[in-house]
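Chemist: To be precise about what I am sending: the file is called entry_26.cif and holds mmCIF, C-alpha atoms and all ligand atoms.
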data_my_file
loop_
_atom_site.label_atom_id
_atom_site.label_comp_id
_atom_site.auth_asym_id
_atom_site.auth_seq_id
_atom_site.Cartn_x
_atom_site.Cartn_y
_atom_site.Cartn_z
CA MET J 17 19.44 -0.12 -14.76
CA ALA J 18 21.26 -1.36 -11.69
CA GLU J 19 19.19 1.02 -9.61
CA ALA J 20 15.96 -0.52 -10.89
CA SER J 21 17.20 -4.02 -10.03
CA ILE J 22 18.03 -3.00 -6.50
CA ARG J 23 14.65 -1.41 -6.06
CA VAL J 24 12.79 -4.54 -7.11
CA SER J 25 14.75 -6.74 -4.73
CA ASP J 26 14.69 -4.17 -1.91
CA LEU J 27 10.97 -3.87 -2.17
CA ALA J 28 10.53 -7.61 -2.36
CA ALA J 29 12.66 -8.06 0.75
CA ALA J 30 10.87 -5.33 2.69
CA HIS J 31 7.35 -6.47 1.91
CA GLY J 32 7.65 -10.17 1.23
CA LEU J 33 6.74 -9.75 -2.44
CA ARG J 34 7.39 -12.88 -4.43
CA ASP J 35 8.15 -13.02 -8.15
CA GLU J 36 4.62 -14.22 -8.77
CA ASP J 37 3.21 -11.14 -7.00
CA LEU J 38 5.31 -8.87 -9.20
CA LEU J 39 4.27 -10.75 -12.33
CA ARG J 40 0.61 -10.54 -11.30
CA MET J 41 1.01 -6.78 -10.99
CA TYR J 42 2.70 -6.58 -14.38
CA ARG J 43 -0.10 -8.60 -15.95
CA LEU J 44 -2.70 -6.24 -14.46
CA VAL J 45 -0.95 -3.16 -15.86
CA ALA J 46 -0.71 -4.83 -19.28
CA LEU J 47 -4.31 -6.06 -19.10
CA ALA J 48 -5.70 -2.64 -18.19
CA ARG J 49 -3.78 -1.12 -21.10
CA ALA J 50 -5.00 -3.73 -23.55
CA ILE J 51 -8.65 -3.35 -22.51
CA ASP J 52 -8.32 0.41 -22.79
CA GLU J 53 -6.86 0.18 -26.28
CA ARG J 54 -9.68 -2.15 -27.29
CA MET J 55 -12.26 0.36 -26.05
CA TRP J 56 -10.81 3.00 -28.39
CA VAL J 57 -10.91 0.58 -31.33
CA LEU J 58 -14.56 -0.17 -30.57
CA ASN J 59 -15.28 3.54 -30.36
CA ARG J 60 -13.65 4.24 -33.70
CA ALA J 61 -15.51 1.28 -35.20
CA GLY J 62 -18.79 2.86 -34.12
CA LYS J 63 -19.55 0.13 -31.58
CA ALA J 64 -18.95 2.06 -28.35
CA ALA J 65 -20.35 5.54 -27.96
CA PHE J 66 -17.81 6.95 -25.55
CA VAL J 67 -14.42 6.12 -24.05
CA ILE J 68 -12.73 7.61 -21.05
CA SER J 69 -9.32 6.23 -20.66
CA GLY J 70 -6.93 5.16 -17.92
CA GLN J 71 -3.82 5.01 -20.10
CA GLY J 72 -0.85 6.34 -18.14
CA HIS J 73 -2.60 5.85 -14.77
CA GLU J 74 -2.36 2.05 -14.65
CA GLY J 75 0.91 1.77 -12.75
CA ALA J 76 -0.24 4.00 -9.91
CA GLN J 77 -3.55 2.17 -9.60
CA VAL J 78 -2.14 -1.35 -9.66
CA GLY J 79 0.68 -0.41 -7.29
CA ILE J 80 -1.55 1.30 -4.75
CA VAL J 81 -4.67 -0.89 -4.92
CA SER J 82 -2.63 -4.11 -4.63
CA SER J 83 -2.58 -3.78 -0.83
CA LEU J 84 -6.34 -3.30 -0.52
CA ARG J 85 -7.92 -6.51 0.82
CA PRO J 86 -10.59 -8.01 -1.45
CA GLY J 87 -13.80 -8.93 0.35
CA ARG J 88 -12.99 -6.64 3.28
CA ASP J 89 -11.89 -3.15 2.22
CA TRP J 90 -13.70 -0.78 -0.14
CA LEU J 91 -12.63 0.84 -3.39
CA VAL J 92 -14.37 4.03 -4.49
CA PRO J 93 -13.07 4.54 -8.01
CA TYR J 94 -13.43 7.18 -10.71
CA TYR J 95 -13.67 7.06 -14.48
CA ARG J 96 -9.97 6.37 -15.07
CA SER J 97 -9.87 3.46 -12.60
CA ILE J 98 -9.84 0.54 -15.05
CA ALA J 99 -6.60 -0.84 -13.59
CA GLY J 100 -7.78 -0.19 -10.03
CA VAL J 101 -11.05 -2.08 -10.42
CA LEU J 102 -9.30 -4.96 -12.22
CA THR J 103 -6.81 -5.17 -9.36
CA PHE J 104 -9.68 -5.32 -6.88
CA GLY J 105 -11.54 -8.15 -8.61
CA MET J 106 -13.52 -6.94 -11.60
CA THR J 107 -12.93 -8.85 -14.81
CA PRO J 108 -12.31 -7.83 -18.43
CA ARG J 109 -15.84 -9.05 -19.18
CA ASP J 110 -17.22 -6.73 -16.48
CA ILE J 111 -15.41 -3.76 -18.03
CA LEU J 112 -16.54 -4.53 -21.58
CA MET J 113 -20.12 -5.11 -20.41
CA ALA J 114 -20.13 -1.54 -19.11
CA GLN J 115 -18.51 -0.27 -22.29
CA PHE J 116 -21.25 -1.88 -24.43
CA ALA J 117 -23.95 -0.88 -21.87
CA ARG J 118 -25.38 -4.39 -21.64
CA ALA J 119 -28.23 -5.43 -19.36
CA ALA J 120 -26.04 -7.61 -17.13
CA ASP J 121 -23.29 -4.97 -16.79
CA PRO J 122 -22.38 -5.20 -13.08
CA SER J 123 -21.52 -1.50 -12.87
CA SER J 124 -25.02 -0.18 -13.59
CA GLY J 125 -26.98 -2.55 -15.79
CA GLY J 126 -26.07 -0.38 -18.78
CA ARG J 127 -27.53 2.76 -17.15
CA GLN J 128 -24.44 4.84 -16.55
CA MET J 129 -21.98 6.22 -19.07
CA PRO J 130 -19.01 3.95 -19.73
CA GLY J 131 -16.26 4.48 -17.19
CA HIS J 132 -18.55 4.57 -14.15
CA TYR J 133 -17.32 1.35 -12.62
CA GLY J 134 -18.92 -0.41 -9.69
CA SER J 135 -19.36 -3.92 -8.35
CA ALA J 136 -21.50 -4.90 -5.38
CA GLU J 137 -19.75 -8.28 -5.41
CA HIS J 138 -16.30 -6.76 -4.98
CA ASN J 139 -16.98 -3.83 -2.60
CA ILE J 140 -16.46 -1.34 -5.42
CA LEU J 141 -18.83 1.55 -4.92
CA THR J 142 -20.55 2.78 -8.05
CA THR J 143 -19.49 6.31 -8.90
CA SER J 144 -21.44 9.34 -9.95
CA SER J 145 -20.43 11.79 -12.68
CA PRO J 146 -19.96 14.98 -10.61
CA VAL J 147 -16.25 14.85 -9.85
CA ALA J 148 -15.08 14.56 -6.21
CA THR J 149 -18.45 13.35 -4.88
CA GLN J 150 -16.91 9.87 -4.63
CA LEU J 151 -14.54 11.16 -2.01
CA LEU J 152 -17.41 11.91 0.36
CA HIS J 153 -18.77 8.41 -0.14
CA ALA J 154 -15.38 6.96 0.78
CA VAL J 155 -15.30 9.08 3.93
CA GLY J 156 -18.79 7.84 4.81
CA ILE J 157 -17.71 4.22 4.38
CA ALA J 158 -14.70 4.86 6.60
CA LEU J 159 -16.89 6.52 9.23
CA ALA J 160 -19.23 3.50 9.21
CA ALA J 161 -16.27 1.11 9.55
CA LYS J 162 -14.89 3.04 12.50
CA THR J 163 -18.27 3.43 14.20
CA LEU J 164 -19.09 -0.26 13.83
CA GLY J 165 -15.59 -1.31 14.88
CA ARG J 166 -14.93 -3.09 11.60
CA ASP J 167 -11.42 -3.65 10.31
CA GLN J 168 -12.04 -2.00 6.93
CA VAL J 169 -10.38 0.76 4.95
CA ALA J 170 -11.87 2.81 2.13
CA LEU J 171 -9.62 3.95 -0.70
CA THR J 172 -10.75 6.48 -3.26
CA GLU J 173 -9.21 7.81 -6.46
CA LEU J 174 -9.71 11.19 -8.12
CA GLY J 175 -8.00 13.61 -10.48
CA GLU J 176 -6.03 16.68 -9.44
CA GLY J 177 -8.63 19.02 -10.96
CA SER J 178 -11.25 17.40 -8.75
CA SER J 179 -9.17 18.24 -5.70
CA ASN J 180 -10.25 21.86 -6.16
CA GLN J 181 -13.88 21.01 -5.48
CA GLY J 182 -15.31 21.90 -2.08
CA ASP J 183 -16.12 18.21 -1.52
CA PHE J 184 -12.42 17.43 -1.44
CA HIS J 185 -11.70 19.85 1.39
CA GLU J 186 -14.80 18.92 3.37
CA GLY J 187 -13.98 15.24 3.02
CA LEU J 188 -10.35 15.62 4.06
CA ASN J 189 -11.26 17.84 6.98
CA PHE J 190 -13.89 15.43 8.32
CA ALA J 191 -11.59 12.44 7.84
CA GLY J 192 -8.77 14.27 9.61
CA VAL J 193 -10.93 15.34 12.56
CA HIS J 194 -12.25 11.80 13.09
CA ARG J 195 -9.03 10.00 12.10
CA LEU J 196 -10.93 7.81 9.69
CA PRO J 197 -9.50 4.74 7.93
CA VAL J 198 -9.49 6.25 4.45
CA VAL J 199 -6.83 6.75 1.78
CA PHE J 200 -7.23 9.53 -0.78
CA VAL J 201 -5.37 8.99 -4.03
CA VAL J 202 -5.04 12.02 -6.30
CA GLU J 203 -3.85 10.91 -9.72
CA ASN J 204 -2.26 14.09 -10.98
CA ASN J 205 -2.02 13.90 -14.77
CA GLY J 206 -1.44 17.62 -15.16
CA TYR J 207 -4.75 18.43 -16.83
CA ALA J 208 -8.42 18.83 -16.04
CA ILE J 209 -9.68 18.25 -19.57
CA SER J 210 -7.77 21.12 -21.29
CA VAL J 211 -6.90 23.17 -18.20
CA PRO J 212 -3.23 22.71 -17.20
CA MET J 213 -2.06 22.30 -13.63
CA SER J 214 -0.61 25.85 -13.65
CA LEU J 215 -4.15 27.23 -13.92
CA GLN J 216 -5.63 24.81 -11.40
CA SER J 217 -3.46 25.32 -8.33
CA PRO J 218 -0.90 27.84 -7.09
CA ILE J 219 1.13 25.08 -5.43
CA PRO J 220 2.88 22.30 -7.36
CA ASP J 221 2.26 19.46 -4.91
CA LEU J 222 -1.33 18.85 -3.93
CA ALA J 223 -0.14 16.41 -1.29
CA ASP J 224 0.86 19.51 0.72
CA ARG J 225 -2.83 20.18 1.32
CA ALA J 226 -3.02 17.22 3.71
CA ALA J 227 -1.05 19.22 6.30
CA ALA J 228 -4.03 21.56 6.65
CA TYR J 229 -6.14 18.61 7.75
CA GLY J 230 -3.65 17.04 10.13
CA PHE J 231 -2.47 13.95 8.29
CA PRO J 232 0.38 12.98 5.96
CA GLY J 233 0.51 13.86 2.29
CA VAL J 234 2.84 11.84 0.10
CA VAL J 235 4.06 12.57 -3.42
CA VAL J 236 4.91 9.52 -5.48
CA ASP J 237 6.09 8.96 -9.05
CA GLY J 238 2.96 7.49 -10.57
CA SER J 239 4.81 5.79 -13.40
CA ASP J 240 6.87 3.75 -10.93
CA VAL J 241 4.64 0.83 -9.96
CA LEU J 242 6.89 -0.24 -7.10
CA ALA J 243 7.09 3.22 -5.56
CA CYS J 244 3.29 3.34 -5.74
CA TYR J 245 3.07 -0.09 -4.15
CA ARG J 246 5.13 1.12 -1.21
CA ALA J 247 3.10 4.34 -0.81
CA GLY J 248 -0.19 2.44 -0.96
CA ARG J 249 0.92 -0.19 1.46
CA GLU J 250 2.20 2.31 4.01
CA ALA J 251 -0.98 4.39 3.82
CA LEU J 252 -3.23 1.35 4.19
CA GLU J 253 -1.24 -0.03 7.10
CA ARG J 254 -1.43 3.35 8.80
CA ALA J 255 -5.20 3.40 8.38
CA ARG J 256 -5.48 -0.15 9.76
CA ARG J 257 -3.45 0.80 12.83
CA GLY J 258 -6.12 3.44 13.58
CA GLU J 259 -3.79 6.35 12.76
CA GLY J 260 -6.16 7.92 10.25
CA PRO J 261 -6.08 9.07 6.64
CA THR J 262 -3.30 9.62 4.13
CA LEU J 263 -3.34 11.69 0.96
CA ILE J 264 -1.26 10.16 -1.83
CA GLU J 265 -0.53 12.31 -4.86
CA ALA J 266 0.64 10.11 -7.72
CA LYS J 267 2.18 12.14 -10.54
CA VAL J 268 0.96 10.30 -13.60
CA THR J 269 0.70 10.99 -17.29
CA ARG J 270 -2.41 11.12 -19.42
CA LEU J 271 -1.46 9.33 -22.60
CA THR J 272 -4.75 9.91 -24.40
CA ALA J 273 -7.09 12.82 -24.88
CA HIS J 274 -9.40 13.49 -21.92
CA SER J 275 -12.03 11.30 -23.59
CA SER J 276 -13.13 10.20 -27.03
CA ASP J 277 -14.93 13.54 -27.30
CA ASP J 278 -11.74 15.56 -26.86
CA GLN J 279 -8.79 16.38 -29.14
CA GLN J 280 -5.73 17.11 -27.05
CA THR J 281 -3.55 18.26 -29.96
CA LYS J 282 -5.61 21.47 -29.78
CA TYR J 283 -4.04 22.38 -26.45
CA ARG J 284 -0.86 20.26 -26.05
CA SER J 285 2.21 20.57 -28.28
CA ALA J 286 3.67 17.62 -30.18
CA GLU J 287 6.83 17.94 -28.04
CA GLU J 288 4.87 17.75 -24.83
CA LEU J 289 2.92 14.71 -25.99
CA GLN J 290 6.14 12.99 -27.04
CA ALA J 291 7.76 13.73 -23.66
CA GLU J 292 4.75 12.25 -21.87
CA ARG J 293 5.37 8.93 -23.62
CA GLU J 294 8.62 8.68 -21.66
CA ARG J 295 6.54 8.48 -18.49
CA ASP J 296 4.48 5.50 -19.61
CA PRO J 297 4.39 3.08 -16.63
CA LEU J 298 4.05 -0.10 -18.73
CA PRO J 299 7.44 -0.20 -20.50
CA ARG J 300 9.09 1.14 -17.37
CA PHE J 301 7.74 -1.69 -15.20
CA ARG J 302 8.65 -4.21 -17.89
CA ARG J 303 12.25 -2.92 -17.89
CA GLN J 304 12.44 -2.99 -14.09
CA LEU J 305 11.27 -6.58 -13.93
CA ARG J 306 13.53 -7.69 -16.76
CA ASP J 307 16.56 -6.03 -15.19
CA ALA J 308 15.76 -7.75 -11.92
CA GLY J 309 15.48 -11.14 -13.63
CA VAL J 310 11.81 -11.50 -12.67
CA LEU J 311 10.54 -11.26 -16.23
CA ASP J 312 12.15 -12.98 -19.21
CA GLU J 313 11.18 -13.11 -22.86
CA PRO J 314 9.13 -16.34 -22.80
CA ARG J 315 7.24 -15.19 -19.71
CA GLU J 316 6.56 -11.82 -21.29
CA ALA J 317 5.22 -13.48 -24.45
CA GLU J 318 3.06 -15.79 -22.37
CA ILE J 319 1.54 -12.86 -20.47
CA ALA J 320 0.98 -10.92 -23.71
CA ALA J 321 -0.86 -13.90 -25.27
CA ASP J 322 -2.91 -14.41 -22.12
CA VAL J 323 -3.89 -10.73 -22.02
CA LYS J 324 -4.88 -10.71 -25.68
CA ALA J 325 -7.03 -13.82 -25.20
CA ALA J 326 -8.75 -12.26 -22.18
CA VAL J 327 -9.53 -9.04 -24.07
CA ASP J 328 -10.80 -10.91 -27.15
CA ASP J 329 -12.99 -13.13 -25.00
CA ALA J 330 -14.38 -10.15 -23.08
CA THR J 331 -15.12 -8.21 -26.26
CA ASP J 332 -16.89 -11.07 -28.04
CA TRP J 333 -18.81 -12.15 -24.97
CA ALA J 334 -19.96 -8.68 -23.96
CA GLU J 335 -20.97 -7.77 -27.50
CA SER J 336 -23.17 -10.88 -27.68
CA GLN J 337 -25.03 -10.06 -24.46
CA PRO J 338 -28.53 -8.51 -24.55
CA GLU J 339 -29.12 -4.80 -24.11
CA PRO J 340 -31.35 -3.57 -21.28
CA ASP J 341 -35.10 -3.87 -21.88
CA PRO J 342 -36.37 -0.36 -22.74
CA ALA J 343 -39.37 -1.02 -20.47
CA THR J 344 -36.97 -0.88 -17.50
CA ALA J 345 -35.51 2.51 -18.46
CA TYR J 346 -36.98 4.29 -15.44
CA ARG J 347 -35.97 1.69 -12.89
CA HIS J 348 -33.90 3.26 -10.11
CA VAL J 349 -34.92 6.68 -11.38
CA PHE J 350 -38.43 6.80 -9.92
CA ALA J 351 -39.38 4.93 -6.78
CA GLU J 352 -43.07 4.68 -7.65
CA PRO J 353 -44.94 4.04 -10.88
CA ASP J 354 -45.81 7.21 -12.73
CA PRO J 355 -48.34 6.32 -15.39
CA ALA J 356 -48.11 9.82 -16.83
CA ILE J 357 -44.47 9.53 -17.87
CA GLY J 358 -43.34 5.94 -17.33
CA PRO J 359 -43.32 3.08 -19.82
CA GLU J 360 -46.56 1.91 -18.17
CA ALA J 361 -48.29 4.69 -20.06
CA ALA J 362 -47.30 2.96 -23.28
CA GLY J 363 -48.34 -0.46 -22.02
CA GLY J 364 -44.87 -1.49 -20.93
CA ALA J 365 -43.77 -3.31 -17.79
CA GLY J 366 -44.24 -0.20 -15.67
CA VAL J 367 -41.98 1.73 -13.39
CA ARG J 368 -41.27 0.51 -9.91
CA ALA J 369 -38.58 0.35 -7.30
CA ALA J 370 -36.26 -2.61 -7.73
CA THR J 371 -36.06 -5.21 -5.01
CA PRO J 372 -32.61 -5.66 -3.44
CA ALA J 373 -32.32 -9.04 -5.16
CA GLU J 374 -32.41 -7.31 -8.53
CA GLY J 375 -29.18 -5.50 -7.77
CA VAL J 376 -28.08 -2.50 -9.77
C1 LIG Z 1 -18.65 18.80 -10.53
C2 LIG Z 1 -18.22 18.59 -11.94
N1 LIG Z 1 -17.77 19.62 -12.67
C3 LIG Z 1 -17.36 19.42 -13.95
C4 LIG Z 1 -17.43 18.16 -14.50
C5 LIG Z 1 -16.96 17.95 -15.94
N2 LIG Z 1 -15.67 17.24 -15.89
C6 LIG Z 1 -15.60 15.91 -16.06
S1 LIG Z 1 -14.05 15.33 -15.94
C7 LIG Z 1 -13.45 16.88 -15.64
C8 LIG Z 1 -11.97 17.10 -15.44
C9 LIG Z 1 -11.49 16.53 -14.18
O1 LIG Z 1 -10.09 16.66 -14.15
P1 LIG Z 1 -9.25 15.88 -13.09
O2 LIG Z 1 -9.92 15.90 -11.78
O3 LIG Z 1 -7.87 16.39 -13.15
O4 LIG Z 1 -9.32 14.36 -13.59
P2 LIG Z 1 -8.72 13.74 -14.92
O5 LIG Z 1 -9.87 13.65 -15.88
O6 LIG Z 1 -7.62 14.60 -15.40
O7 LIG Z 1 -8.23 12.39 -14.51
C10 LIG Z 1 -14.45 17.83 -15.66
C11 LIG Z 1 -14.26 19.27 -15.46
C12 LIG Z 1 -17.93 17.11 -13.71
N3 LIG Z 1 -18.02 15.86 -14.17
N4 LIG Z 1 -18.30 17.33 -12.43
MG MG Z 2 -6.23 15.63 -14.21
#
Could you spell out this file's structure in C-alpha cells?
Modeler:
Amino acid sequence: MAEASIRVSDLAAAHGLRDEDLLRMYRLVALARAIDERMWVLNRAGKAAFVISGQGHEGAQVGIVSSLRPGRDWLVPYYRSIAGVLTFGMTPRDILMAQFARAADPSSGGRQMPGHYGSAEHNILTTSSPVATQLLHAVGIALAAKTLGRDQVALTELGEGSSNQGDFHEGLNFAGVHRLPVVFVVENNGYAISVPMSLQSPIPDLADRAAAYGFPGVVVDGSDVLACYRAGREALERARRGEGPTLIEAKVTRLTAHSSDDQQTKYRSAEELQAERERDPLPRFRRQLRDAGVLDEPREAEIAADVKAAVDDATDWAESQPEPDPATAYRHVFAEPDPAIGPEAAGGAGVRAATPAEGV
C-alpha cells in the first residue's frame, strides 16, 4: 500500500501530474470499462451484432496515450483501443455510433465492423481488419512527419499475436533504419484468440525484438496505469527529440473472450480466468489513487455517476440515430458507377466516389 502511495507522488513530482490529471485518467479507465460492458449487454439483448472488447487493456492505453498531443500527433488504433481512442478525443457517443453502425458513425459511417475505430477530426486513423497492417500506416505517417519536418509522432497499438506478422518486422525495420518518430505498443494479453503465448513465440518478452531493429524495447506492467504513463511519456519524448522509435510491450490481461463470437472457457481453465481478475487495471488504479489520497469516496461516487450518465446518454442517442441509406452501400467500395451491380441498377441513388466533404 505504502509503495503505491509513493509511486503516485513520485510520478506526479517527476512529470508535473496534478491530482486532476490523475483523476481524468481514472475517469477514462472507468469510462472505457463502462462503455465496454454496455456493448456486451446490447449484444446479449440482440441490439448489437458483434462486440470486441478492451476489458483489461484500458490501463495500458490510458497511461500510454495520455502523453500523445491531441490535434498534433496521430493514433493508429486496433480493435481493443476503446480506452485509447477515448483518451485521444473520441466520445462515448462516437463509440456507440460505431457499435450500432449508424450513418453518422465517425469511424466509418456504419461500414466497418464494430471495433474499427477512426476519427478524421481527432487524427485517429481508421483501421483495417487484417492484423498488423495498422503498424505500416503508423510508420508511413511518421515518415511523412519526418520528411515534411513536422513535429508529430505516430503511436500504434497491436496485439502480441499480430507481432508475428511480416508487417510487424518490416515496419520496425524501416522505422529503425530511418529513425522515425513512431511508438509501437504491443498489448500482450497472452492469447491470439485461443492460441496461448507459448505457441506464438519462443521468447517471453516481445520487447526484446526491438534490439534487432536498433531501438529500445520496454516491458511494462500493463495493469499499472502509472507505469504505463511513464513508459509512454518517455517513448514519446524520445521520438520528439528525433531519437527514433520505441517498442513498448505492455503485459495486460484479457478479461473477456476474444469477441462475442468466442467462448474462452473452452480453452482457459476456471483457475486461470480467476487469476486474471487479479490483474484488472481498474480496481488497482482505484486503490493506488485512494492510498495516495487523490481519490476519496465522494469523488469516486461522483465519477461513477458521471460515467453512467455518459454511457446512458451515448446508448440512447446512438440508438435513435438513422442507419445508413442502403443506396449508399457501395460508396467507397467502387470509384465509378457500375450500373451492372450497383444500386443504380435498381433505380437507387447510384454508386460514385464520395467528395472529400462527405468524409468517411
Ligand atoms: C492477417 C490476419 N490474420 C488473421 C486474422 C484473424 N484474427 C483476428 S484477431 C486475431 C488474433 C490477434 O491476436 P493478438 O494480436 O494477440 O491480439 P488480441 O486480439 O489478443 O488483442 C486473429 C488471428 C486477421 N484479422 N488478420
Ligand atoms: Mg493477444
Chemist: Which one of J:Gly125, J:Pro218, J:Pro197, J:Gly79 sits closest to Asp167 (chain J) if you count only C-alpha atoms?
Modeler: J:Pro197
Chemist: Quick one: of J:Arg166, J:His185, J:Arg249, J:Arg270, who's nearest to ligand LIG 1 (chain Z), counting all atoms listed in the file?
Modeler: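 Comparing J:Arg166, J:His185, J:Arg249, J:Arg270 against ligand LIG 1 (chain Z), the winner is J:Arg270.
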Chemist: To one decimal place in Å, what is the distance between CA of Ser83 (chain J) and CA of Asn205 (chain J)?
Modeler: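 Computing the Euclidean distance for CA of Ser83 (chain J) and CA of Asn205 (chain J) yields 22.5 Å.
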Chemist: Could you list, as a ChimeraX atom specification, all the residues within 10 Å of ligand MG 2 (chain Z), counting only C-alpha atoms and all ligand atoms?
Modeler: /J:174-179,202-213,216,267-270,274
Chemist: Could those residues be written to a file, using C-alpha atoms, as a PDB file, keeping the file's coordinate frame?
Modeler:
ATOM      1  CA  LEU J 174      -9.710  11.190  -8.120  1.00  0.00           C
ATOM      2  CA  GLY J 175      -8.000  13.610 -10.480  1.00  0.00           C
ATOM      3  CA  GLU J 176      -6.030  16.680  -9.440  1.00  0.00           C
ATOM      4  CA  GLY J 177      -8.630  19.020 -10.960  1.00  0.00           C
ATOM      5  CA  SER J 178     -11.250  17.400  -8.750  1.00  0.00           C
ATOM      6  CA  SER J 179      -9.170  18.240  -5.700  1.00  0.00           C
ATOM      7  CA  VAL J 202      -5.040  12.020  -6.300  1.00  0.00           C
ATOM      8  CA  GLU J 203      -3.850  10.910  -9.720  1.00  0.00           C
ATOM      9  CA  ASN J 204      -2.260  14.090 -10.980  1.00  0.00           C
ATOM     10  CA  ASN J 205      -2.020  13.900 -14.770  1.00  0.00           C
ATOM     11  CA  GLY J 206      -1.440  17.620 -15.160  1.00  0.00           C
ATOM     12  CA  TYR J 207      -4.750  18.430 -16.830  1.00  0.00           C
ATOM     13  CA  ALA J 208      -8.420  18.830 -16.040  1.00  0.00           C
ATOM     14  CA  ILE J 209      -9.680  18.250 -19.570  1.00  0.00           C
ATOM     15  CA  SER J 210      -7.770  21.120 -21.290  1.00  0.00           C
ATOM     16  CA  VAL J 211      -6.900  23.170 -18.200  1.00  0.00           C
ATOM     17  CA  PRO J 212      -3.230  22.710 -17.200  1.00  0.00           C
ATOM     18  CA  MET J 213      -2.060  22.300 -13.630  1.00  0.00           C
ATOM     19  CA  GLN J 216      -5.630  24.810 -11.400  1.00  0.00           C
ATOM     20  CA  LYS J 267       2.180  12.140 -10.540  1.00  0.00           C
ATOM     21  CA  VAL J 268       0.960  10.300 -13.600  1.00  0.00           C
ATOM     22  CA  THR J 269       0.700  10.990 -17.290  1.00  0.00           C
ATOM     23  CA  ARG J 270      -2.410  11.120 -19.420  1.00  0.00           C
ATOM     24  CA  HIS J 274      -9.400  13.490 -21.920  1.00  0.00           C
TER      25      HIS J 274
END
Chemist: Can you measure CA of Phe66 (chain J) to CA of Phe116 (chain J) for me? One decimal in Å is fine.
Modeler: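 One can read the CA of Phe66 (chain J) to CA of Phe116 (chain J) distance as 9.5 Å.
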Chemist: Extract region 317-341 of chain J from the structure I just pasted (atoms: C-alpha atoms) and return it as an mmCIF file, in the first residue's frame.
Modeler:
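Once everything was written out, this is part_8.cif:
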data_model
loop_
_atom_site.group_PDB
_atom_site.id
_atom_site.type_symbol
_atom_site.label_atom_id
_atom_site.label_comp_id
_atom_site.auth_asym_id
_atom_site.auth_seq_id
_atom_site.Cartn_x
_atom_site.Cartn_y
_atom_site.Cartn_z
ATOM 1 C CA ALA J 317 -19.152 8.156 -6.431
ATOM 2 C CA GLU J 318 -19.275 11.370 -8.438
ATOM 3 C CA ILE J 319 -17.111 9.874 -11.196
ATOM 4 C CA ALA J 320 -19.178 6.664 -11.213
ATOM 5 C CA ALA J 321 -22.417 8.657 -11.620
ATOM 6 C CA ASP J 322 -20.879 10.814 -14.334
ATOM 7 C CA VAL J 323 -19.650 7.744 -16.232
ATOM 8 C CA LYS J 324 -23.036 6.038 -16.000
ATOM 9 C CA ALA J 325 -24.791 9.162 -17.289
ATOM 10 C CA ALA J 326 -22.362 9.423 -20.217
ATOM 11 C CA VAL J 327 -22.876 5.777 -21.195
ATOM 12 C CA ASP J 328 -26.678 6.014 -20.895
ATOM 13 C CA ASP J 329 -26.718 9.174 -22.977
ATOM 14 C CA ALA J 330 -24.465 7.645 -25.633
ATOM 15 C CA THR J 331 -26.551 4.473 -25.840
ATOM 16 C CA ASP J 332 -29.903 6.253 -26.135
ATOM 17 C CA TRP J 333 -28.610 8.851 -28.554
ATOM 18 C CA ALA J 334 -26.794 6.423 -30.842
ATOM 19 C CA GLU J 335 -29.712 4.003 -30.907
ATOM 20 C CA SER J 336 -32.031 6.805 -32.032
ATOM 21 C CA GLN J 337 -29.800 7.829 -34.951
ATOM 22 C CA PRO J 338 -30.625 6.737 -38.531
ATOM 23 C CA GLU J 339 -28.959 3.776 -40.186
ATOM 24 C CA PRO J 340 -27.024 4.277 -43.424
ATOM 25 C CA ASP J 341 -29.132 4.569 -46.586
#
